[in-house]
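Shown below: query.txt, with compact mmCIF, C-alpha atoms (C1' of nucleotides).
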```txt
# COMPACT_ATOMS: atom_id res chain seq x y z
CA MET A 1 -17.88 -22.38 5.74
CA PRO A 2 -15.04 -23.24 8.03
CA HIS A 3 -15.16 -21.92 11.53
CA CYS A 4 -11.97 -20.51 13.01
CA HIS A 5 -11.27 -23.72 14.87
CA THR A 6 -11.43 -25.62 11.66
CA LEU A 7 -9.03 -23.15 10.12
CA ILE A 8 -6.67 -23.45 13.03
CA ALA A 9 -6.82 -27.23 13.07
CA GLY A 10 -6.08 -27.25 9.36
CA LEU A 11 -3.02 -25.10 9.77
CA ARG A 12 -1.76 -27.22 12.60
CA LYS A 13 -2.21 -30.33 10.51
CA LYS A 14 -0.14 -28.77 7.77
CA GLY A 15 2.68 -28.34 10.25
CA PHE A 16 2.42 -24.63 10.96
CA ARG A 17 2.76 -23.39 14.47
CA ILE A 18 -0.24 -21.95 16.13
CA THR A 19 0.75 -19.19 18.47
CA PRO A 20 -1.68 -17.29 20.67
CA GLN A 21 -1.18 -14.30 18.39
CA ARG A 22 -2.10 -16.23 15.27
CA GLU A 23 -5.04 -17.77 17.01
CA MET A 24 -6.40 -14.40 18.07
CA ILE A 25 -5.81 -12.84 14.69
CA ILE A 26 -7.62 -15.68 12.96
CA GLU A 27 -10.49 -15.49 15.43
CA ALA A 28 -10.77 -11.76 14.99
CA ILE A 29 -10.99 -11.81 11.23
CA ALA A 30 -12.94 -15.03 10.82
CA HIS A 31 -15.43 -14.03 13.44
CA SER A 32 -16.09 -10.57 12.11
CA GLY A 33 -17.19 -11.96 8.78
CA ARG A 34 -16.32 -8.58 7.30
CA HIS A 35 -13.41 -6.96 5.59
CA MET A 36 -10.92 -5.49 7.97
CA THR A 37 -7.76 -3.49 7.71
CA ALA A 38 -4.66 -4.70 9.50
CA GLU A 39 -5.09 -1.83 11.92
CA GLU A 40 -8.61 -2.93 12.80
CA VAL A 41 -7.49 -6.48 13.39
CA TYR A 42 -4.72 -5.15 15.58
CA GLU A 43 -7.10 -3.03 17.67
CA GLN A 44 -9.45 -5.95 18.03
CA VAL A 45 -6.78 -8.34 19.24
CA ARG A 46 -5.34 -5.62 21.41
CA THR A 47 -8.49 -5.58 23.51
CA ARG A 48 -7.64 -9.14 24.50
CA THR A 49 -3.92 -8.98 25.04
CA ARG A 50 -0.99 -6.67 25.11
CA SER A 51 1.25 -9.25 23.41
CA ILE A 52 0.54 -8.29 19.87
CA ASN A 53 2.42 -6.22 17.38
CA LEU A 54 1.20 -4.60 14.21
CA ALA A 55 4.00 -6.21 12.20
CA THR A 56 2.85 -9.59 13.41
CA VAL A 57 -0.66 -8.81 12.26
CA TYR A 58 0.57 -7.90 8.80
CA ARG A 59 2.72 -10.99 8.60
CA THR A 60 -0.01 -13.27 9.82
CA LEU A 61 -2.55 -11.84 7.43
CA ASP A 62 -0.20 -12.29 4.51
CA PHE A 63 0.49 -15.79 5.74
CA LEU A 64 -3.23 -16.56 5.72
CA VAL A 65 -3.47 -15.23 2.20
CA GLU A 66 -0.66 -17.49 1.09
CA GLU A 67 -2.45 -20.42 2.62
CA GLY A 68 -5.60 -19.44 0.79
CA LEU A 69 -7.56 -18.83 3.97
CA ALA A 70 -7.95 -15.12 3.55
CA SER A 71 -7.87 -12.63 0.76
CA ARG A 72 -6.21 -9.31 0.38
CA ASN A 73 -7.93 -6.52 -1.48
CA ASP A 74 -6.72 -3.12 -2.46
CA LEU A 75 -9.94 -1.26 -3.07
CA GLY A 76 -8.13 1.89 -4.09
CA SER A 77 -8.56 3.75 -0.84
CA GLY A 78 -4.96 3.64 0.28
CA LYS A 79 -5.74 0.88 2.73
CA ILE A 80 -5.65 -2.84 2.19
CA PHE A 81 -8.55 -4.95 3.34
CA TYR A 82 -8.37 -8.54 4.47
CA SER A 83 -11.13 -11.05 4.98
CA THR A 84 -11.69 -14.76 5.37
CA ALA A 85 -13.83 -16.74 3.03
CA ARG A 86 -16.58 -17.24 5.57
CA HIS A 87 -19.37 -15.51 3.79
CA GLY A 88 -20.05 -17.24 0.50
CA PRO A 89 -18.22 -16.46 -2.71
CA HIS A 90 -18.85 -12.98 -3.93
CA VAL A 91 -17.46 -10.27 -6.13
CA HIS A 92 -16.62 -6.71 -5.21
CA LEU A 93 -17.45 -4.19 -7.83
CA VAL A 94 -15.27 -1.21 -6.97
CA CYS A 95 -16.07 2.07 -8.65
CA ARG A 96 -12.86 3.68 -9.75
CA GLN A 97 -14.42 7.11 -9.38
CA CYS A 98 -16.50 7.26 -6.22
CA HIS A 99 -14.83 4.23 -4.64
CA ARG A 100 -18.16 2.78 -3.73
CA VAL A 101 -18.08 -1.00 -3.35
CA ILE A 102 -20.98 -3.10 -4.57
CA GLU A 103 -21.12 -6.66 -3.33
CA ALA A 104 -22.22 -8.86 -6.18
CA ASP A 105 -23.25 -12.46 -6.33
CA GLY A 106 -20.37 -14.87 -6.70
CA ALA A 107 -22.28 -16.80 -9.35
CA LEU A 108 -21.28 -14.00 -11.66
CA ILE A 109 -17.91 -15.54 -12.27
CA GLU A 110 -18.65 -19.21 -11.97
CA PRO A 111 -17.46 -20.33 -15.39
CA LEU A 112 -14.24 -18.45 -15.00
CA GLY A 113 -12.50 -20.78 -12.58
CA GLU A 114 -12.69 -23.82 -14.79
CA ARG A 115 -11.35 -22.04 -17.78
CA CYS A 116 -8.34 -20.72 -15.87
CA LEU A 117 -7.59 -24.18 -14.66
CA GLU A 118 -7.94 -25.76 -18.06
CA ARG A 119 -5.88 -23.29 -19.99
CA TYR A 120 -3.27 -22.18 -17.52
CA GLY A 121 -3.28 -24.71 -14.72
CA PHE A 122 -4.07 -21.77 -12.52
CA GLU A 123 -6.63 -22.13 -9.78
CA PRO A 124 -8.03 -18.72 -9.01
CA ASP A 125 -9.49 -17.84 -5.65
CA LEU A 126 -12.89 -16.62 -6.68
CA ARG A 127 -14.29 -16.13 -3.24
CA HIS A 128 -13.11 -12.57 -3.05
CA LEU A 129 -12.70 -11.21 -6.49
CA ALA A 130 -12.49 -7.44 -6.92
CA LEU A 131 -13.39 -5.80 -10.19
CA THR A 132 -12.66 -2.18 -10.91
CA GLY A 133 -14.93 -0.13 -13.11
CA LEU A 134 -17.66 2.48 -13.17
CA CYS A 135 -20.83 2.20 -11.11
CA ALA A 136 -24.24 3.08 -12.52
CA GLU A 137 -24.34 6.54 -11.00
CA CYS A 138 -20.88 7.59 -12.06
CA ARG A 139 -21.64 6.29 -15.51
CA THR A 140 -24.72 8.44 -15.94
CA GLU A 141 -22.92 11.44 -14.47
CA LYS A 142 -20.24 10.94 -17.03
CA GLY A 143 -22.59 10.32 -19.88
CA THR A 144 -23.74 13.93 -19.98
CA MET B 1 3.66 6.29 -29.70
CA PRO B 2 1.25 9.00 -30.66
CA HIS B 3 -1.11 7.02 -28.50
CA CYS B 4 -0.32 9.22 -25.56
CA HIS B 5 -1.33 12.24 -27.59
CA THR B 6 -4.75 10.74 -28.01
CA LEU B 7 -4.99 10.28 -24.28
CA ILE B 8 -3.87 13.81 -23.65
CA ALA B 9 -6.24 15.29 -26.20
CA GLY B 10 -9.09 13.37 -24.63
CA LEU B 11 -8.32 14.70 -21.20
CA ARG B 12 -8.06 18.23 -22.49
CA LYS B 13 -11.40 17.87 -24.19
CA LYS B 14 -12.92 16.79 -20.92
CA GLY B 15 -11.72 20.02 -19.40
CA PHE B 16 -8.76 18.77 -17.41
CA ARG B 17 -5.60 20.78 -17.34
CA ILE B 18 -2.61 19.35 -19.04
CA THR B 19 0.52 20.34 -17.23
CA PRO B 20 4.02 19.40 -18.31
CA GLN B 21 4.13 17.01 -15.36
CA ARG B 22 1.00 15.20 -16.40
CA GLU B 23 2.14 15.06 -19.95
CA MET B 24 5.44 13.48 -19.04
CA ILE B 25 3.87 11.04 -16.64
CA ILE B 26 1.39 9.91 -19.27
CA GLU B 27 4.11 9.60 -21.87
CA ALA B 28 6.26 7.58 -19.51
CA ILE B 29 3.65 5.03 -18.64
CA ALA B 30 1.90 4.85 -22.01
CA HIS B 31 5.18 4.52 -23.81
CA SER B 32 6.62 1.81 -21.65
CA GLY B 33 3.68 -0.49 -22.37
CA ARG B 34 4.54 -2.27 -19.14
CA HIS B 35 3.50 -2.17 -15.56
CA MET B 36 5.37 0.36 -13.54
CA THR B 37 5.51 1.43 -9.95
CA ALA B 38 5.07 5.07 -9.06
CA GLU B 39 8.74 5.18 -8.20
CA GLU B 40 9.73 3.93 -11.65
CA VAL B 41 7.53 6.50 -13.34
CA TYR B 42 9.09 9.14 -11.15
CA GLU B 43 12.63 8.08 -12.04
CA GLN B 44 11.74 8.01 -15.70
CA VAL B 45 10.27 11.50 -15.71
CA ARG B 46 13.12 12.69 -13.54
CA THR B 47 15.57 12.02 -16.35
CA ARG B 48 13.74 14.67 -18.34
CA THR B 49 13.11 17.35 -15.76
CA ARG B 50 13.73 18.32 -12.22
CA SER B 51 10.22 19.73 -11.85
CA ILE B 52 8.54 16.59 -10.71
CA ASN B 53 7.54 15.36 -7.33
CA LEU B 54 6.71 11.85 -6.23
CA ALA B 55 3.42 12.99 -4.72
CA THR B 56 2.43 14.43 -8.07
CA VAL B 57 3.18 11.12 -9.71
CA TYR B 58 0.97 9.28 -7.25
CA ARG B 59 -1.80 11.81 -7.69
CA THR B 60 -1.59 11.79 -11.45
CA LEU B 61 -1.60 8.02 -11.63
CA ASP B 62 -4.66 7.81 -9.44
CA PHE B 63 -6.24 10.49 -11.56
CA LEU B 64 -5.62 8.41 -14.67
CA VAL B 65 -7.18 5.43 -12.98
CA GLU B 66 -10.27 7.44 -12.14
CA GLU B 67 -10.51 8.50 -15.75
CA GLY B 68 -10.26 4.90 -16.81
CA LEU B 69 -7.02 5.43 -18.69
CA ALA B 70 -4.82 3.38 -16.45
CA SER B 71 -5.21 0.60 -13.97
CA ARG B 72 -3.86 0.05 -10.54
CA ASN B 73 -2.85 -3.39 -9.37
CA ASP B 74 -1.74 -4.58 -6.00
CA LEU B 75 0.04 -7.80 -6.85
CA GLY B 76 0.84 -8.53 -3.25
CA SER B 77 4.44 -7.41 -3.31
CA GLY B 78 4.04 -4.34 -1.18
CA LYS B 79 4.21 -2.12 -4.22
CA ILE B 80 1.40 -0.98 -6.44
CA PHE B 81 1.72 -1.30 -10.20
CA TYR B 82 0.18 1.00 -12.74
CA SER B 83 -0.26 0.57 -16.44
CA THR B 84 -2.20 1.97 -19.35
CA ALA B 85 -4.55 -0.11 -21.44
CA ARG B 86 -2.30 -0.07 -24.46
CA HIS B 87 -1.70 -3.74 -24.86
CA GLY B 88 -4.97 -5.51 -25.48
CA PRO B 89 -7.24 -6.73 -22.74
CA HIS B 90 -5.67 -9.34 -20.57
CA VAL B 91 -5.85 -10.94 -17.19
CA HIS B 92 -3.13 -11.26 -14.59
CA LEU B 93 -3.09 -14.50 -12.75
CA VAL B 94 -1.20 -13.76 -9.58
CA CYS B 95 0.00 -16.69 -7.53
CA ARG B 96 -0.65 -15.98 -3.90
CA GLN B 97 2.26 -18.13 -2.92
CA CYS B 98 5.18 -17.51 -5.24
CA HIS B 99 3.85 -14.17 -6.47
CA ARG B 100 4.51 -15.15 -10.04
CA VAL B 101 2.29 -13.34 -12.52
CA ILE B 102 0.90 -15.14 -15.55
CA GLU B 103 -0.52 -12.99 -18.30
CA ALA B 104 -3.63 -14.64 -19.63
CA ASP B 105 -5.79 -13.92 -22.60
CA GLY B 106 -8.44 -11.32 -21.98
CA ALA B 107 -11.02 -13.42 -23.75
CA LEU B 108 -11.11 -15.44 -20.58
CA ILE B 109 -13.49 -13.03 -18.98
CA GLU B 110 -15.46 -11.77 -21.90
CA PRO B 111 -18.92 -12.86 -20.78
CA LEU B 112 -18.35 -11.29 -17.40
CA GLY B 113 -18.63 -7.68 -18.47
CA GLU B 114 -22.09 -7.97 -19.91
CA ARG B 115 -23.46 -9.72 -16.92
CA CYS B 116 -22.13 -7.06 -14.54
CA LEU B 117 -23.74 -4.39 -16.64
CA GLU B 118 -27.06 -6.17 -16.86
CA ARG B 119 -27.42 -7.04 -13.25
CA TYR B 120 -25.72 -4.20 -11.46
CA GLY B 121 -25.38 -1.40 -13.96
CA PHE B 122 -21.68 -1.70 -13.27
CA GLU B 123 -19.25 -1.46 -16.13
CA PRO B 124 -16.08 -3.28 -15.14
CA ASP B 125 -12.73 -2.42 -16.60
CA LEU B 126 -11.64 -5.79 -17.89
CA ARG B 127 -8.48 -4.68 -19.60
CA HIS B 128 -6.40 -5.22 -16.53
CA LEU B 129 -8.07 -7.70 -14.32
CA ALA B 130 -6.01 -9.38 -11.62
CA LEU B 131 -6.97 -12.75 -10.22
CA THR B 132 -5.34 -14.22 -7.16
CA GLY B 133 -4.89 -17.93 -6.79
CA LEU B 134 -2.46 -20.80 -7.02
CA CYS B 135 -0.28 -21.41 -10.06
CA ALA B 136 0.30 -24.88 -11.47
CA GLU B 137 3.66 -25.36 -9.78
CA CYS B 138 2.58 -24.26 -6.37
CA ARG B 139 -0.46 -26.45 -6.69
CA THR B 140 1.54 -29.59 -7.35
CA GLU B 141 3.98 -28.70 -4.59
CA LYS B 142 1.06 -28.40 -2.25
CA GLY B 143 -0.60 -31.56 -3.41
CA THR B 144 1.87 -33.76 -1.54
C1' DA C 1 8.70 -33.72 31.68
C1' DG C 2 13.06 -31.57 29.43
C1' DA C 3 16.05 -30.37 25.65
C1' DA C 4 16.77 -29.48 20.83
C1' DT C 5 15.39 -26.99 16.80
C1' DA C 6 13.46 -24.23 13.75
C1' DA C 7 9.51 -21.13 13.10
C1' DT C 8 7.53 -16.90 15.00
C1' DT C 9 7.52 -12.58 17.51
C1' DG C 10 8.70 -7.77 18.85
C1' DC C 11 11.27 -3.99 18.02
C1' DA C 12 12.92 -0.42 15.35
C1' DA C 13 14.33 1.18 11.11
C1' DC C 14 12.91 1.55 6.55
C1' DT C 15 10.11 1.97 2.35
C1' DA C 16 5.68 3.10 0.25
C1' DT C 17 1.62 5.95 -0.17
C1' DT C 18 -1.53 9.68 1.15
C1' DT C 19 -2.89 14.35 2.54
C1' DG C 20 -3.16 19.54 3.94
C1' DC C 21 -1.92 23.67 2.63
C1' DA C 22 0.19 27.67 0.37
C1' DG C 23 1.93 29.20 -3.78
C1' DG C 24 2.12 28.54 -8.92
C1' DA C 25 0.25 28.00 -13.52
C1' DG C 26 -3.18 26.30 -17.32
C1' DC C 27 -6.90 27.90 -19.74
C1' DA C 28 -10.96 30.91 -21.05
C1' DA C 29 -12.55 35.50 -21.58
C1' DG C 30 -11.80 39.99 -22.72
C1' DC D 1 -1.22 39.65 -23.67
C1' DT D 2 -3.40 40.39 -19.35
C1' DT D 3 -6.70 38.97 -15.75
C1' DG D 4 -9.02 35.92 -13.00
C1' DC D 5 -10.79 31.65 -11.73
C1' DT D 6 -9.56 27.30 -10.37
C1' DC D 7 -7.08 23.42 -10.61
C1' DC D 8 -2.46 21.51 -9.97
C1' DT D 9 2.09 21.15 -7.85
C1' DG D 10 5.65 20.93 -4.34
C1' DC D 11 6.73 20.52 0.20
C1' DA D 12 6.52 18.42 4.50
C1' DA D 13 4.17 15.78 7.71
C1' DA D 14 1.13 11.94 8.47
C1' DT D 15 -0.30 7.31 7.68
C1' DA D 16 0.40 2.46 5.76
C1' DG D 17 2.99 -1.47 5.12
C1' DT D 18 7.58 -4.21 5.07
C1' DT D 19 11.92 -6.19 6.75
C1' DG D 20 16.34 -7.58 9.38
C1' DC D 21 17.71 -9.40 13.42
C1' DA D 22 17.98 -11.02 18.12
C1' DA D 23 15.03 -13.04 21.53
C1' DT D 24 11.19 -16.08 22.35
C1' DT D 25 8.40 -20.17 22.08
C1' DA D 26 5.51 -24.06 19.77
C1' DT D 27 6.40 -28.46 18.50
C1' DT D 28 9.06 -32.89 18.20
C1' DC D 29 11.89 -36.28 20.01
C1' DT D 30 13.63 -38.63 23.84
```

Output the structure of this file as structure tokens.
Amino acid sequence: MPHCHTLIAGLRKKGFRITPQREMIIEAIAHSGRHMTAEEVYEQVRTRTRSINLATVYRTLDFLVEEGLASRNDLGSGKIFYSTARHGPHVHLVCRQCHRVIEADGALIEPLGERCLERYGFEPDLRHLALTGLCAECRTEKGT
Amino acid sequence: MPHCHTLIAGLRKKGFRITPQREMIIEAIAHSGRHMTAEEVYEQVRTRTRSINLATVYRTLDFLVEEGLASRNDLGSGKIFYSTARHGPHVHLVCRQCHRVIEADGALIEPLGERCLERYGFEPDLRHLALTGLCAECRTEKGT
DNA sequence: AGAATAATTGCAACTATTTGCAGGAGCAAG
DNA sequence: CTTGCTCCTGCAAATAGTTGCAATTATTCT
């Protein structure tokens, strides 16, 4: 799993500019190894410098998503979560009712990638897939 | 489509109240057979009555999602799309770069549902799955 | 090192979505 | 058809996320 310096070096090699803001945003999110909202990333970077703006955070995060270095997930809570691909591939099972999020093994969707590529020339990012549905508890509740 | 009447009857049977607003919102989205933003649904219903509020539209759409009758997709454009499950199961392949959306055959992810259920007791809604990744064109562009 | 240049930032305005609360209305029971 | 119990709606305010534009600055070329 790429460390933030690897990420940064990669971006630089591709010809993107690495500003202190971008560097700190990347470090914040890559280092946390968790899912963060833009606001959280902002707060985190803010503890290190005053030269950071929330709009920049949003733009940088979306930029990272475009470059395939982070993923953006709407888990139905009204907030969008971002994360790098540091922790291995995995799937989020998001309950549409209680909004609980189960982290499932990425192996679950292994065969999927190849088929997308074959049939549609589309290369899905399967490191942070989110599936919506009903969790076990909500299912039994419902099943009355 | 009398389809929406089925939906409405089902909700009534479950003990939910069917207000004119809910009825019109359901008709709007079920009838369109497309993906719509909350704003579009609002405009659509607005042509029929003045007694509708955008907040109600948002709440009703989220309610439908909870009930498993609609799905909510953040396709990365800053707007959230909603749709019913009228057209058969299918997958959205969303390019993270050009934001193009390819509609793929739902059979693509058939085996996935069973495995989620087996291992996690989680029943995913596979009728409107969205996968993020790189489309063929953006991939070749990148491959320079 | 210094200048040119084009990408990136901050600001502020704007759009999108959520939430609290008070009043309104669907539905069941009588 | 009236009552009462709740759930639902509208409003307005709060929170999230996006965008245009002028100023700034990372990188390249000399």

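Across all paired C-alpha atoms, the best overlay of chain B on chain A gives 1.0 Å RMSD.
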
**Prompt:** From the set C:DT9, C:DA25, C:DA16, C:DG30, which residue has the shortest atom-to-atom contact distance to chain A, counting all atoms listed in the file?
**Reply:** C:DT9

Taking only C-alpha atoms into account, produce a table as CSV in which each residue of region 35-104 of chain A with an atom at most 9 Å from an atom of region 128-137 of chain B appears once, together with its shortest atom pair and the distance in Å to one decimal, ordered by chain and rising number.
```
residue,atom,partner,partner_atom,distance
A:Glu66,CA,B:Leu134,CA,8.9
A:Gly68,CA,B:Gly133,CA,7.8
A:Ser71,CA,B:Thr132,CA,8.5
```

**Message:** Between CA of Val65 (chain A) and CA of Gln21 (chain A), what distance in Å does the model show, to one decimal?
**Reply:**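 It comes out at 16.4 Å.
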
**Message:** Would you pick out the contacts of DA12 (chain C) at 12 Å or less, using all atoms listed in the file, so that residues sharing its chain but fewer than 6 positions from it are not included, and give the list as a list in words?
**Reply:**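 Here the answer would be Ala55 of chain A; DT19, DG20 and DC21 of chain D.
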
Residues from the last selection, C-alpha atoms (C1' of nucleotides), saved as a JSON list (two decimals), keeping the file's coordinate frame:
```json
[["chain", "number", "residue", "atom", "x", "y", "z"],
["A", 55, "ALA", "CA", 4.00, -6.21, 12.20],
["D", 19, "DT", "C1'", 11.92, -6.19, 6.75],
["D", 20, "DG", "C1'", 16.34, -7.58, 9.38],
["D", 21, "DC", "C1'", 17.71, -9.40, 13.42]]
```

Residues of chain B that approach chain D to 9 Å or less, counting all atoms listed in the file: could you list each one with the shortest pair of atoms and its distance in Å to one decimal, rows by chain and increasing residue number, as a Markdown table?
```
| residue | atom | partner | partner_atom | distance |
| --- | --- | --- | --- | --- |
| B:Phe16 | CA | D:DC7 | C1' | 8.4 |
| B:Arg17 | CA | D:DC7 | C1' | 7.4 |
| B:Thr19 | CA | D:DC8 | C1' | 7.9 |
| B:Gln21 | CA | D:DT9 | C1' | 8.8 |
| B:Ser51 | CA | D:DG10 | C1' | 8.9 |
| B:Ile52 | CA | D:DG10 | C1' | 8.2 |
| B:Asn53 | CA | D:DG10 | C1' | 6.6 |
| B:Ala55 | CA | D:DG10 | C1' | 8.3 |
| B:Thr56 | CA | D:DT9 | C1' | 6.7 |
| B:Gly78 | CA | D:DG17 | C1' | 7.0 |
```

For region 47-74 of chain B, supply N, CA and C atoms and report the output as a short mmCIF file (atom, residue, chain, number, x, y, z; two decimals), in the frame of the given file.
```
data_model
loop_
_atom_site.label_atom_id
_atom_site.label_comp_id
_atom_site.auth_asym_id
_atom_site.auth_seq_id
_atom_site.Cartn_x
_atom_site.Cartn_y
_atom_site.Cartn_z
N THR B 47 14.45 11.90 -15.39
CA THR B 47 15.57 12.02 -16.35
C THR B 47 15.30 13.15 -17.33
N ARG B 48 14.07 13.61 -17.38
CA ARG B 48 13.74 14.67 -18.34
C ARG B 48 13.61 16.04 -17.69
N THR B 49 13.25 16.05 -16.42
CA THR B 49 13.11 17.35 -15.76
C THR B 49 13.31 17.21 -14.26
N ARG B 50 13.59 18.34 -13.66
CA ARG B 50 13.73 18.32 -12.22
C ARG B 50 12.42 18.73 -11.55
N SER B 51 11.50 19.25 -12.39
CA SER B 51 10.22 19.73 -11.85
C SER B 51 9.20 18.61 -11.74
N ILE B 52 9.50 17.68 -10.91
CA ILE B 52 8.54 16.59 -10.71
C ILE B 52 8.68 16.09 -9.29
N ASN B 53 7.55 15.78 -8.72
CA ASN B 53 7.54 15.36 -7.33
C ASN B 53 6.82 14.03 -7.23
N LEU B 54 7.29 13.18 -6.34
CA LEU B 54 6.71 11.85 -6.23
C LEU B 54 5.21 11.93 -5.90
N ALA B 55 4.84 12.86 -5.07
CA ALA B 55 3.42 12.99 -4.72
C ALA B 55 2.59 13.30 -5.95
N THR B 56 3.14 14.10 -6.82
CA THR B 56 2.43 14.43 -8.07
C THR B 56 2.26 13.18 -8.92
N VAL B 57 3.28 12.36 -8.95
CA VAL B 57 3.18 11.12 -9.71
C VAL B 57 2.06 10.25 -9.15
N TYR B 58 2.04 10.07 -7.85
CA TYR B 58 0.97 9.28 -7.25
C TYR B 58 -0.40 9.88 -7.59
N ARG B 59 -0.51 11.19 -7.45
CA ARG B 59 -1.80 11.81 -7.69
C ARG B 59 -2.21 11.70 -9.15
N THR B 60 -1.27 11.88 -10.03
CA THR B 60 -1.59 11.79 -11.45
C THR B 60 -1.98 10.38 -11.84
N LEU B 61 -1.26 9.40 -11.31
CA LEU B 61 -1.60 8.02 -11.63
C LEU B 61 -3.00 7.67 -11.14
N ASP B 62 -3.32 8.10 -9.94
CA ASP B 62 -4.66 7.81 -9.44
C ASP B 62 -5.72 8.56 -10.25
N PHE B 63 -5.34 9.72 -10.70
CA PHE B 63 -6.24 10.49 -11.56
C PHE B 63 -6.50 9.73 -12.87
N LEU B 64 -5.46 9.18 -13.44
CA LEU B 64 -5.62 8.41 -14.67
C LEU B 64 -6.50 7.18 -14.45
N VAL B 65 -6.34 6.58 -13.29
CA VAL B 65 -7.18 5.43 -12.98
C VAL B 65 -8.65 5.86 -12.91
N GLU B 66 -8.89 6.95 -12.24
CA GLU B 66 -10.27 7.44 -12.14
C GLU B 66 -10.86 7.71 -13.51
N GLU B 67 -10.04 8.19 -14.41
CA GLU B 67 -10.51 8.50 -15.75
C GLU B 67 -10.57 7.25 -16.63
N GLY B 68 -10.17 6.14 -16.06
CA GLY B 68 -10.26 4.90 -16.81
C GLY B 68 -9.15 4.71 -17.82
N LEU B 69 -8.09 5.51 -17.70
CA LEU B 69 -7.02 5.43 -18.69
C LEU B 69 -5.85 4.58 -18.23
N ALA B 70 -5.87 4.24 -16.96
CA ALA B 70 -4.82 3.38 -16.45
C ALA B 70 -5.44 2.46 -15.42
N SER B 71 -4.70 1.45 -15.02
CA SER B 71 -5.21 0.60 -13.97
C SER B 71 -4.18 0.45 -12.89
N ARG B 72 -4.67 0.12 -11.74
CA ARG B 72 -3.86 0.05 -10.54
C ARG B 72 -3.96 -1.36 -10.00
N ASN B 73 -2.83 -2.01 -9.83
CA ASN B 73 -2.85 -3.39 -9.37
C ASN B 73 -1.94 -3.63 -8.19
N ASP B 74 -2.53 -4.15 -7.15
CA ASP B 74 -1.74 -4.58 -6.00
C ASP B 74 -1.49 -6.07 -6.21
#
```
